[in-house]
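The file run26.cif contains mmCIF, C-alpha atoms:
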```cif
data_query
#
loop_
_atom_site.label_atom_id
_atom_site.label_comp_id
_atom_site.auth_asym_id
_atom_site.auth_seq_id
_atom_site.Cartn_x
_atom_site.Cartn_y
_atom_site.Cartn_z
CA MET A 1 51.41 6.14 -62.94
CA ALA A 2 55.16 6.59 -62.56
CA ALA A 3 57.00 4.03 -60.46
CA ARG A 4 57.94 5.34 -57.05
CA ALA A 5 61.41 5.05 -55.53
CA VAL A 6 62.80 5.95 -52.14
CA VAL A 7 66.52 6.68 -51.74
CA VAL A 8 67.99 6.29 -48.27
CA GLY A 9 70.98 8.56 -47.63
CA GLY A 10 71.75 12.02 -48.97
CA GLY A 11 75.47 11.78 -49.62
CA ILE A 12 76.85 12.13 -53.12
CA CYS A 13 75.79 8.60 -54.07
CA GLY A 14 72.22 9.16 -52.84
CA LEU A 15 71.98 12.54 -54.53
CA ALA A 16 73.31 11.21 -57.84
CA THR A 17 70.95 8.23 -57.60
CA ALA A 18 67.87 10.36 -56.91
CA HIS A 19 68.90 12.82 -59.64
CA ARG A 20 69.15 10.11 -62.28
CA LEU A 21 66.01 8.23 -61.21
CA ALA A 22 64.01 11.46 -61.28
CA ARG A 23 65.39 12.31 -64.72
CA GLY A 24 64.43 8.80 -65.79
CA GLY A 25 60.79 9.44 -64.91
CA MET A 26 60.46 7.91 -61.45
CA ALA A 27 58.71 9.62 -58.56
CA VAL A 28 61.59 9.87 -56.09
CA THR A 29 61.79 10.65 -52.39
CA LEU A 30 65.28 11.07 -50.91
CA LEU A 31 65.59 10.70 -47.14
CA GLU A 32 68.64 12.08 -45.30
CA ALA A 33 68.95 11.58 -41.55
CA SER A 34 71.02 14.68 -40.81
CA ASP A 35 70.07 18.30 -41.36
CA GLN A 36 72.44 18.60 -44.32
CA LEU A 37 72.94 16.85 -47.64
CA GLY A 38 76.33 15.82 -48.94
CA GLY A 39 77.70 13.16 -46.57
CA LEU A 40 81.44 13.81 -46.44
CA GLY A 41 80.71 16.89 -48.56
CA THR A 42 78.81 18.66 -45.80
CA PHE A 43 79.92 22.12 -44.84
CA PHE A 44 79.91 24.82 -42.17
CA THR A 45 80.10 28.60 -42.29
CA SER A 46 83.08 30.67 -41.21
CA ARG A 47 83.02 34.44 -41.58
CA GLY A 48 80.06 34.08 -43.90
CA ARG A 49 81.96 31.69 -46.18
CA THR A 50 80.99 28.07 -46.90
CA VAL A 51 83.74 25.56 -46.08
CA GLU A 52 83.71 21.76 -46.49
CA ARG A 53 84.22 19.80 -43.29
CA PHE A 54 86.39 17.28 -45.13
CA TYR A 55 88.76 17.94 -48.02
CA HIS A 56 87.85 17.16 -51.62
CA CYS A 57 89.23 17.67 -55.09
CA VAL A 58 88.40 16.60 -58.63
CA MET A 59 90.93 14.58 -60.61
CA PRO A 60 91.14 14.85 -64.42
CA THR A 61 90.47 11.09 -64.54
CA ASP A 62 87.17 11.40 -62.61
CA ALA A 63 85.07 10.71 -65.69
CA ALA A 64 81.86 9.73 -63.86
CA LEU A 65 81.92 12.77 -61.59
CA LEU A 66 82.70 15.12 -64.48
CA GLU A 67 79.81 13.65 -66.47
CA LEU A 68 77.48 14.28 -63.52
CA LEU A 69 78.74 17.86 -63.21
CA ASP A 70 78.02 18.28 -66.90
CA GLU A 71 74.45 17.07 -66.37
CA VAL A 72 73.81 19.81 -63.79
CA GLY A 73 75.71 22.52 -65.66
CA LEU A 74 78.77 22.69 -63.40
CA ARG A 75 81.53 21.03 -65.41
CA GLU A 76 82.84 24.33 -66.72
CA SER A 77 82.88 25.74 -63.19
CA VAL A 78 85.77 23.44 -62.20
CA ASP A 79 88.98 25.43 -61.83
CA TRP A 80 92.02 23.29 -62.67
CA ARG A 81 95.36 24.09 -61.08
CA PRO A 82 98.75 22.38 -60.84
CA THR A 83 99.50 21.18 -57.30
CA SER A 84 102.57 19.76 -55.60
CA MET A 85 103.32 17.12 -52.99
CA GLY A 86 105.49 17.25 -49.92
CA MET A 87 106.64 14.65 -47.43
CA VAL A 88 107.42 15.08 -43.74
CA VAL A 89 109.65 12.32 -42.36
CA ASP A 90 111.17 12.33 -38.87
CA GLY A 91 110.24 16.01 -38.51
CA THR A 92 111.98 17.14 -41.69
CA ARG A 93 110.00 18.55 -44.62
CA HIS A 94 110.82 17.46 -48.16
CA SER A 95 109.50 18.37 -51.58
CA PHE A 96 108.44 15.19 -53.38
CA ASN A 97 107.58 15.98 -57.00
CA SER A 98 110.50 15.63 -59.38
CA ALA A 99 113.42 13.34 -60.05
CA LEU A 100 115.67 15.93 -58.45
CA ASP A 101 113.48 15.96 -55.32
CA LEU A 102 113.81 12.19 -55.11
CA LEU A 103 117.60 12.34 -55.45
CA ARG A 104 117.63 14.78 -52.53
CA PHE A 105 115.31 12.63 -50.39
CA THR A 106 117.68 11.72 -47.55
CA PRO A 107 115.39 9.32 -45.59
CA LEU A 108 116.40 6.77 -48.25
CA GLY A 109 119.89 5.86 -49.40
CA LEU A 110 120.87 6.61 -52.98
CA VAL A 111 120.25 3.07 -54.26
CA ASP A 112 116.81 2.99 -52.68
CA ARG A 113 115.97 6.42 -54.10
CA LEU A 114 116.77 5.17 -57.58
CA ARG A 115 114.83 1.96 -56.99
CA PHE A 116 111.85 3.92 -55.69
CA GLY A 117 111.78 6.09 -58.79
CA VAL A 118 112.08 3.26 -61.28
CA VAL A 119 109.53 0.98 -59.59
CA SER A 120 107.04 3.82 -59.12
CA LEU A 121 107.17 4.63 -62.82
CA LEU A 122 106.56 0.97 -63.72
CA LEU A 123 104.18 0.01 -60.92
CA ARG A 124 100.95 0.30 -62.89
CA ARG A 125 102.44 -1.84 -65.68
CA LEU A 126 103.86 -4.35 -63.21
CA GLY A 127 100.34 -5.08 -61.92
CA ARG A 128 98.94 -6.15 -65.26
CA GLY A 129 98.36 -9.88 -65.63
CA ARG A 130 98.48 -10.53 -61.88
CA ASP A 131 95.63 -11.53 -59.62
CA LEU A 132 96.11 -8.55 -57.33
CA ASP A 133 92.81 -9.16 -55.56
CA LEU A 134 94.46 -12.19 -53.92
CA THR A 135 97.85 -10.52 -53.36
CA ARG A 136 98.66 -8.76 -50.10
CA THR A 137 99.78 -5.17 -50.55
CA GLU A 138 102.79 -5.79 -48.31
CA ASP A 139 103.89 -8.87 -50.26
CA TRP A 140 103.61 -7.06 -53.58
CA LEU A 141 105.23 -3.77 -52.60
CA ARG A 142 107.92 -5.22 -50.35
CA GLY A 143 108.92 -7.56 -53.18
CA LEU A 144 109.12 -4.72 -55.70
CA TYR A 145 110.58 -1.92 -53.59
CA GLY A 146 112.60 -3.88 -51.04
CA ASP A 147 112.50 -3.97 -47.25
CA ARG A 148 113.98 -0.54 -46.59
CA ILE A 149 111.52 1.45 -48.73
CA TRP A 150 108.60 -0.57 -47.40
CA GLU A 151 109.58 -0.03 -43.76
CA VAL A 152 110.62 3.62 -44.00
CA LEU A 153 107.89 4.99 -46.28
CA LEU A 154 105.22 2.64 -47.50
CA ALA A 155 104.27 0.78 -44.31
CA PRO A 156 103.71 4.00 -42.31
CA MET A 157 101.65 5.48 -45.15
CA PHE A 158 99.44 2.43 -45.55
CA GLY A 159 99.19 2.01 -41.79
CA ALA A 160 97.91 5.58 -41.53
CA LYS A 161 95.16 4.82 -44.05
CA PHE A 162 94.05 1.31 -43.07
CA GLY A 163 95.15 0.73 -39.49
CA ALA A 164 96.64 -2.50 -38.21
CA ALA A 165 95.45 -4.55 -41.20
CA PHE A 166 97.23 -2.35 -43.74
CA GLY A 167 99.57 -5.05 -45.03
CA ASP A 168 96.68 -7.41 -45.77
CA VAL A 169 94.69 -5.02 -47.99
CA PRO A 170 94.49 -6.41 -51.56
CA ALA A 171 97.12 -4.92 -53.86
CA LEU A 172 94.31 -4.41 -56.40
CA TYR A 173 93.12 -1.41 -54.38
CA LEU A 174 96.49 0.32 -54.78
CA TRP A 175 96.62 -0.61 -58.47
CA GLN A 176 93.25 1.05 -59.01
CA ARG A 177 94.33 4.13 -57.07
CA LEU A 178 97.31 4.52 -59.36
CA GLY A 179 94.92 4.38 -62.30
CA ARG A 180 92.85 7.22 -60.85
CA GLU A 181 95.71 9.52 -59.94
CA SER A 182 98.12 8.54 -62.74
CA ASN A 183 100.85 10.77 -61.32
CA GLU A 184 98.57 13.75 -61.98
CA SER A 185 99.65 17.01 -60.40
CA VAL A 186 96.64 18.90 -61.79
CA ARG A 187 93.55 18.96 -59.60
CA GLY A 188 90.23 20.73 -59.82
CA TYR A 189 87.79 22.43 -57.50
CA PRO A 190 84.28 23.75 -58.34
CA ALA A 191 84.11 27.54 -58.32
CA GLY A 192 81.15 27.45 -55.94
CA GLY A 193 82.68 24.78 -53.72
CA TYR A 194 81.14 21.38 -53.18
CA ARG A 195 78.01 23.00 -51.80
CA SER A 196 77.26 24.18 -55.36
CA VAL A 197 77.29 20.54 -56.51
CA ILE A 198 74.96 19.48 -53.71
CA ASP A 199 72.60 22.39 -54.35
CA ALA A 200 72.54 21.71 -58.09
CA LEU A 201 71.69 18.04 -57.58
CA ARG A 202 68.90 18.91 -55.16
CA ALA A 203 67.52 21.46 -57.62
CA SER A 204 67.60 18.86 -60.40
CA ILE A 205 65.76 16.28 -58.29
CA GLU A 206 63.06 18.75 -57.35
CA ALA A 207 62.79 20.14 -60.89
CA HIS A 208 61.99 16.63 -62.10
CA GLY A 209 59.25 16.18 -59.50
CA GLY A 210 61.28 14.49 -56.79
CA GLU A 211 61.21 15.23 -53.07
CA VAL A 212 64.29 15.81 -50.93
CA ARG A 213 63.91 15.59 -47.15
CA THR A 214 66.59 16.29 -44.56
CA SER A 215 66.30 15.55 -40.81
CA ALA A 216 64.36 12.50 -41.95
CA PRO A 217 66.08 9.39 -40.54
CA VAL A 218 64.61 6.01 -41.43
CA ALA A 219 63.71 4.16 -38.25
CA ARG A 220 62.67 0.95 -40.00
CA LEU A 221 62.98 -0.33 -43.56
CA GLU A 222 60.85 -3.15 -44.93
CA ALA A 223 61.46 -4.64 -48.37
CA GLY A 224 59.69 -7.47 -50.14
CA PRO A 225 59.19 -8.73 -53.68
CA ASP A 226 56.53 -6.13 -54.54
CA ARG A 227 57.19 -3.00 -52.48
CA VAL A 228 59.32 -1.27 -49.87
CA VAL A 229 58.19 0.72 -46.85
CA ALA A 230 60.32 3.26 -44.97
CA THR A 231 59.07 4.24 -41.53
CA LEU A 232 60.24 7.51 -39.96
CA PRO A 233 60.64 8.01 -36.20
CA GLY A 234 57.26 9.74 -35.82
CA GLY A 235 55.49 6.79 -37.41
CA GLU A 236 55.11 8.30 -40.89
CA THR A 237 55.47 5.66 -43.60
CA ILE A 238 56.63 6.07 -47.18
CA GLU A 239 55.69 3.25 -49.52
CA ALA A 240 57.47 2.80 -52.85
CA ASP A 241 57.94 0.33 -55.67
CA HIS A 242 61.73 0.40 -55.31
CA ALA A 243 64.36 1.54 -52.84
CA VAL A 244 68.07 2.25 -53.04
CA SER A 245 70.08 2.36 -49.83
CA THR A 246 73.36 4.26 -49.96
CA VAL A 247 74.11 4.17 -46.22
CA PRO A 248 76.93 1.94 -44.90
CA LEU A 249 75.91 -1.67 -44.35
CA PRO A 250 76.19 -1.45 -40.52
CA SER A 251 73.73 1.47 -40.59
CA LEU A 252 71.38 -0.41 -42.90
CA ARG A 253 71.38 -3.45 -40.63
CA ALA A 254 70.35 -1.21 -37.73
CA ILE A 255 67.13 -0.12 -39.49
CA ALA A 256 66.22 -3.32 -41.38
CA ASP A 257 63.05 -4.97 -40.10
CA ALA A 258 62.91 -8.64 -39.06
CA GLY A 259 62.00 -9.78 -42.56
CA LEU A 260 64.74 -7.81 -44.34
CA ALA A 261 67.63 -8.27 -41.90
CA PRO A 262 68.41 -11.93 -42.73
CA LEU A 263 68.38 -11.13 -46.46
CA LEU A 264 71.10 -8.48 -46.23
CA PRO A 265 74.67 -9.32 -47.29
CA GLU A 266 76.57 -11.34 -44.73
CA VAL A 267 79.87 -9.61 -45.47
CA GLU A 268 81.16 -7.80 -42.37
CA LEU A 269 83.66 -5.12 -43.31
CA PRO A 270 85.65 -3.13 -40.77
CA TYR A 271 85.56 0.58 -41.50
CA GLN A 272 88.08 3.30 -40.90
CA GLY A 273 86.63 6.56 -39.72
CA VAL A 274 88.48 9.85 -39.70
CA VAL A 275 89.29 12.63 -37.25
CA ASN A 276 89.81 15.79 -39.23
CA ALA A 277 90.93 19.24 -38.02
CA LEU A 278 90.69 22.42 -40.09
CA PHE A 279 93.07 25.29 -39.46
CA PHE A 280 92.46 28.78 -40.78
CA LEU A 281 95.91 30.35 -40.85
CA ARG A 282 96.98 33.93 -41.44
CA ARG A 283 99.86 32.76 -43.61
CA PRO A 284 100.55 29.71 -45.80
CA LEU A 285 102.55 26.65 -44.81
CA SER A 286 104.74 24.91 -47.40
CA GLY A 287 102.52 25.46 -50.43
CA HIS A 288 102.19 21.69 -51.04
CA TYR A 289 98.64 20.48 -51.58
CA TRP A 290 99.34 17.08 -49.98
CA ALA A 291 102.01 15.95 -47.52
CA PRO A 292 102.09 12.65 -45.61
CA VAL A 293 103.52 13.05 -42.10
CA LEU A 294 105.60 10.09 -40.91
CA ARG A 295 107.20 9.59 -37.47
CA SER A 296 107.17 13.31 -36.70
CA GLY A 297 105.60 13.52 -33.24
CA THR A 298 102.05 14.17 -34.42
CA ASP A 299 98.80 12.29 -33.96
CA PHE A 300 97.77 13.35 -37.45
CA ASP A 301 99.51 11.72 -40.39
CA GLY A 302 98.62 13.92 -43.33
CA VAL A 303 98.39 17.63 -44.17
CA ILE A 304 96.25 19.05 -46.98
CA GLU A 305 96.72 22.71 -47.90
CA MET A 306 93.64 23.75 -49.83
CA THR A 307 94.67 27.28 -50.72
CA PRO A 308 97.14 26.28 -53.47
CA LEU A 309 94.11 24.67 -55.15
CA THR A 310 91.31 27.08 -54.25
CA GLY A 311 93.05 30.38 -53.49
CA SER A 312 92.69 32.19 -50.17
CA GLU A 313 89.95 34.61 -51.23
CA ARG A 314 87.16 32.10 -50.64
CA TYR A 315 88.30 31.82 -46.99
CA ASP A 316 88.36 35.57 -46.38
CA ASP A 317 92.07 35.79 -47.28
CA ARG A 318 93.00 33.06 -44.84
CA HIS A 319 94.81 29.82 -45.65
CA LEU A 320 92.87 26.61 -45.07
CA VAL A 321 94.76 23.52 -43.89
CA TYR A 322 93.26 20.10 -43.14
CA VAL A 323 95.11 17.61 -40.96
CA MET A 324 93.70 14.14 -40.42
CA HIS A 325 94.06 10.72 -38.88
CA TYR A 326 92.11 7.67 -40.03
CA THR A 327 90.96 5.54 -37.13
CA GLY A 328 88.18 3.23 -35.98
CA ARG A 329 85.08 4.83 -34.52
CA GLU A 330 85.68 3.02 -31.22
CA SER A 331 89.27 4.28 -30.83
CA ALA A 332 90.32 6.57 -27.99
CA LEU A 333 91.14 9.35 -30.45
CA TYR A 334 87.77 9.17 -32.17
CA LEU A 335 85.96 9.27 -28.82
CA GLU A 336 88.10 12.12 -27.46
CA ASP A 337 86.61 15.55 -26.95
CA SER A 338 87.03 17.76 -30.03
CA ASP A 339 88.33 20.74 -28.06
CA SER A 340 91.09 18.60 -26.58
CA ILE A 341 92.07 17.37 -30.04
CA ALA A 342 92.09 20.94 -31.37
CA ARG A 343 94.46 22.13 -28.62
CA ARG A 344 96.88 19.23 -28.97
CA TRP A 345 96.93 19.24 -32.77
CA THR A 346 97.48 23.00 -32.81
CA GLU A 347 100.57 22.53 -30.69
CA GLN A 348 101.76 19.70 -32.91
CA LEU A 349 101.24 21.71 -36.10
CA LEU A 350 103.22 24.62 -34.62
CA ASN A 351 106.06 22.26 -33.69
CA LEU A 352 106.02 20.72 -37.16
CA HIS A 353 106.29 24.10 -38.89
CA GLY A 354 108.85 25.99 -36.84
CA GLY A 355 108.09 29.43 -38.23
CA LEU A 356 104.41 29.16 -37.37
CA THR A 357 103.21 30.79 -34.14
CA VAL A 358 99.96 30.67 -32.23
CA ASP A 359 99.18 34.17 -33.53
CA ASP A 360 99.11 32.72 -37.05
CA VAL A 361 96.21 30.42 -36.11
CA ASP A 362 92.93 32.26 -36.62
CA GLU A 363 90.44 29.42 -36.15
CA VAL A 364 90.41 25.64 -35.56
CA ARG A 365 87.50 23.24 -36.17
CA VAL A 366 87.40 19.46 -35.60
CA PHE A 367 85.04 17.10 -37.42
CA LYS A 368 84.71 13.33 -37.36
CA ALA A 369 83.14 10.74 -39.67
CA PRO A 370 82.65 7.10 -38.61
CA PHE A 371 82.42 5.33 -42.00
CA VAL A 372 84.99 6.61 -44.48
CA GLU A 373 87.04 3.71 -45.81
CA PRO A 374 86.18 -0.01 -45.76
CA VAL A 375 89.17 -2.24 -45.06
CA TYR A 376 88.75 -4.84 -47.77
CA PRO A 377 89.93 -8.45 -47.24
CA LEU A 378 91.85 -10.53 -49.77
CA GLY A 379 89.63 -12.00 -52.47
CA TYR A 380 86.91 -9.39 -51.99
CA LEU A 381 85.97 -9.34 -55.69
CA THR A 382 84.32 -12.75 -55.28
CA ARG A 383 82.77 -11.77 -51.93
CA ARG A 384 81.51 -8.33 -52.84
CA PRO A 385 77.76 -8.28 -52.18
CA ALA A 386 75.18 -8.16 -54.95
CA VAL A 387 73.52 -4.85 -55.72
CA VAL A 388 70.01 -6.28 -55.39
CA VAL A 389 68.93 -7.82 -52.09
CA PRO A 390 67.46 -11.16 -53.27
CA GLY A 391 63.68 -11.43 -53.15
CA THR A 392 63.19 -7.70 -52.58
CA ARG A 393 62.84 -4.39 -54.39
CA LEU A 394 65.84 -3.02 -52.46
CA ARG A 395 69.11 -2.20 -54.16
CA LEU A 396 72.38 -1.28 -52.48
CA ALA A 397 74.89 1.37 -53.51
CA THR A 398 77.44 1.59 -50.72
CA THR A 399 81.19 1.83 -50.19
CA ALA A 400 81.13 -1.96 -49.79
CA HIS A 401 80.29 -2.09 -53.50
CA VAL A 402 82.76 0.35 -55.07
CA TYR A 403 85.76 -1.98 -54.75
CA PRO A 404 88.16 -2.26 -56.49
CA ASN A 405 87.74 1.44 -57.24
CA VAL A 406 89.08 3.91 -54.71
CA THR A 407 86.49 5.29 -52.31
CA SER A 408 85.78 8.77 -53.67
CA TRP A 409 83.01 10.96 -55.02
CA ASN A 410 83.87 9.67 -58.48
CA SER A 411 83.52 5.99 -57.56
CA SER A 412 80.26 6.72 -55.71
CA VAL A 413 78.85 8.48 -58.77
CA GLU A 414 80.00 5.63 -61.02
CA LEU A 415 78.33 3.08 -58.74
CA SER A 416 75.18 5.19 -58.69
CA ARG A 417 75.06 5.20 -62.49
CA THR A 418 75.41 1.40 -62.59
CA VAL A 419 72.60 0.92 -60.08
CA THR A 420 70.21 3.50 -61.52
CA ASP A 421 70.71 2.39 -65.13
CA ALA A 422 69.83 -1.20 -64.17
CA LEU A 423 66.88 -0.14 -62.02
CA LEU A 424 65.38 2.06 -64.73
CA ARG A 425 65.92 -0.63 -67.34
CA ASP A 426 64.33 -3.34 -65.22
CA ALA A 427 61.43 -1.13 -64.16
CA ARG A 428 60.62 -0.34 -67.78
CA SER A 429 61.01 -3.84 -69.17
CA SER A 430 59.85 -6.22 -66.46
CA PRO A 431 59.11 -4.84 -62.99
CA ASN A 432 59.19 -8.32 -61.47
CA GLN A 433 62.60 -9.29 -62.83
CA GLU A 434 65.70 -8.10 -61.00
CA ASN A 435 69.23 -8.28 -62.36
CA THR A 436 71.75 -8.95 -59.59
CA ALA A 437 74.83 -9.71 -61.65
CA TRP A 438 78.01 -7.65 -61.59
CA PRO A 439 80.25 -7.39 -64.64
CA ALA A 440 83.49 -9.32 -64.25
CA GLU A 441 86.43 -7.19 -63.17
CA SER A 442 90.14 -7.88 -62.90
CA ALA A 443 93.47 -6.11 -63.01
CA ARG A 444 94.16 -7.52 -66.45
#
```
How does the structure come out when it is put into structure tokens?
Amino acid sequence: MAARAVVVGGGICGLATAHRLARGGMAVTLLEASDQLGGLGTFFTSRGRTVERFYHCVMPTDAALLELLDEVGLRESVDWRPTSMGMVVDGTRHSFNSALDLLRFTPLGLVDRLRFGVVSLLLRRLGRGRDLDLTRTEDWLRGLYGDRIWEVLLAPMFGAKFGAAFGDVPALYLWQRLGRESNESVRGYPAGGYRSVIDALRASIEAHGGEVRTSAPVARLEAGPDRVVATLPGGETIEADHAVSTVPLPSLRAIADAGLAPLLPEVELPYQGVVNALFFLRRPLSGHYWAPVLRSGTDFDGVIEMTPLTGSERYDDRHLVYVMHYTGRESALYLEDSDSIARRWTEQLLNLHGGLTVDDVDEVRVFKAPFVEPVYPLGYLTRRPAVVVPGTRLRLATTAHVYPNVTSWNSSVELSRTVTDALLRDARSSPNQENTAWPAESAR
């Protein structure tokens, strides 16, 4: 009889995990609490068109994600397009792509513009041979770029991403991000949107005999040395030989039974959530895919224009713009009514783009997510929790485990592959022996 596995969480990591376990011969049940699969890749419908609630793109360096797309026959569906970056500082819009753009970037003096360009080109190389896991981002970047560049540009950008602790985030995180993006201007987007990826993974799981259940929250999770049991709110129980939890650690702690709870990792990570507004506009904005917004009278601190990447046809000839602000799930903004946010952010977007009028705004939607980005402490490589919960058949594949990689679909898929490969190997060779070790990682 095939070993049974239950996967908790139907985001991209859970889907990839269930897909690979099912392909490996396990009898898999995936349980997703909400009525939709995909996690941050969930979607809504506007004018009969499917639209992601949160923005996504594929980078050419996303090897793990591209391999997964290949497995489900979608790699060739990715449409690659060159994109550009803008920057809004003190209410003024700037192009931020070429050496000439940098020379024209008036928020910095000429010397600082030259320093910014040179250091940025060398930054990836300058991190080699350093223990960046124990180096504060502020200390590293302020030392390289100087006080003015840090205070005018970098501190506001990192503060927007990580909140008050932005300066303390390990520099290794930034170093890894540079490795993913590598100054790439080309980005990709699946022809069928991210829903096509989710649908293809579900179809693969089911084609290999697995079961996918939505609106199936786990009320209690038990895990011991020989089995795991997931109990649903109505009292239904699902017993399995193995389990993989992909939900954030705070959510896992909330469902762990009295025997499992003390075995879970003790690491307590703060998480940044996100408030995200989507604007369907009747005309484009600047044409830049990505533009940080610094000190410009807005609550949001970034603008993503999807249409340069996807085209406007998939949105019924409208132009899709995401604006966002990362914030804790207990913050006043996160708890604010979505309609109020939509009204205020509409006004702010109109003020930011002077030629835009209220008649250009066709539709506004606001979505929130509570667990988007862990705020990692210094030295997290040595504190990162093990994949296997000791003494149990439960494995973890969460954002607390992807570090030092950047939190993304690609890093989630890569983590999933690590976890599933080890689980399948251990299940085949010695079901009672669990391998909890992580390979050593460094910036060297």
Given the file shown, enumerate the residues that the PyMOL selection byres ((chain A and resi 75) around 12) captures and present them as an MDAnalysis selection string.
chainID A and resid 58 60 62:74 76:80 188:192 196:197 200
Given the choices A:Asn405, A:Thr399, A:Thr29, A:Gln348, which gets closest to A:Val229 if the distance is worked out from all atoms listed in the file?
A:Thr29
Which residue is closest to A:Leu320? Choose from A:Ser215, A:Thr135, A:Ser34, A:Ser46 and count only C-alpha atoms.
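Result for the nearest residue to A:Leu320: A:Ser46.
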Expected answer as a PyMOL selection string: all residues with atoms within 7 Å of (93.3, 15.1, -37.6), all atoms listed in the file:
chain A and resi 275-277+300+323-325
Writer output for current selection, C-alpha atoms, as a PDB file, in the frame of the given file:
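Listing of out.pdb after writing:
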```pdb
ATOM      1  CA  VAL A 275      89.290  12.630 -37.250  1.00  0.00           C
ATOM      2  CA  ASN A 276      89.810  15.790 -39.230  1.00  0.00           C
ATOM      3  CA  ALA A 277      90.930  19.240 -38.020  1.00  0.00           C
ATOM      4  CA  PHE A 300      97.770  13.350 -37.450  1.00  0.00           C
ATOM      5  CA  VAL A 323      95.110  17.610 -40.960  1.00  0.00           C
ATOM      6  CA  MET A 324      93.700  14.140 -40.420  1.00  0.00           C
ATOM      7  CA  HIS A 325      94.060  10.720 -38.880  1.00  0.00           C
TER       8      HIS A 325
END
```
Would you write out, as a ChimeraX atom specification, every residue that the PyMOL selection byres ((chain A and resi 3) around 6) captures in this file?
/A:2,4,26
Residue subset to file, keeping C-alpha atoms, as a tab-separated table (two decimals), in the frame of the given file:
```
chain	number	residue	atom	x	y	z
A	2	ALA	CA	55.16	6.59	-62.56
A	4	ARG	CA	57.94	5.34	-57.05
A	26	MET	CA	60.46	7.91	-61.45
```
Can you tell me which residues surround stretch 377-391 of chain A at a distance of at most 6 Å, considering all atoms listed in the file, apart from same-chain residues fewer than 6 positions away, and format the answer as a list in words?
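Returned residues: Asp133, Leu134, Val169, Pro170, Pro225, Pro265 and Thr436 of chain A.
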A straight line from atom CA of A:Glu313 to atom CA of A:Phe279 spans 15.3 Å
Can you give me, as a PyMOL selection string, the residues this file yields under the PyMOL selection byres ((chain A and resi 87-103) around 12)?
chain A and resi 82-86+104-118+120-121+152-154+156-157+183-185+285-298+300-304+348-354
Using only C-alpha atoms, can you tell me which of A:Pro262, A:Gly224, A:Gly41, A:Gly311 comes closest to A:Ala243?
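Of A:Pro262, A:Gly224, A:Gly41, A:Gly311, the one nearest A:Ala243 is A:Gly224, counting only C-alpha atoms.
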Could you check which of A:Arg142, A:Lys368, A:Arg177, A:Arg344 is closest to A:Arg124, using all atoms listed in the file?
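Under the stated criterion, the closest residue is A:Arg177.
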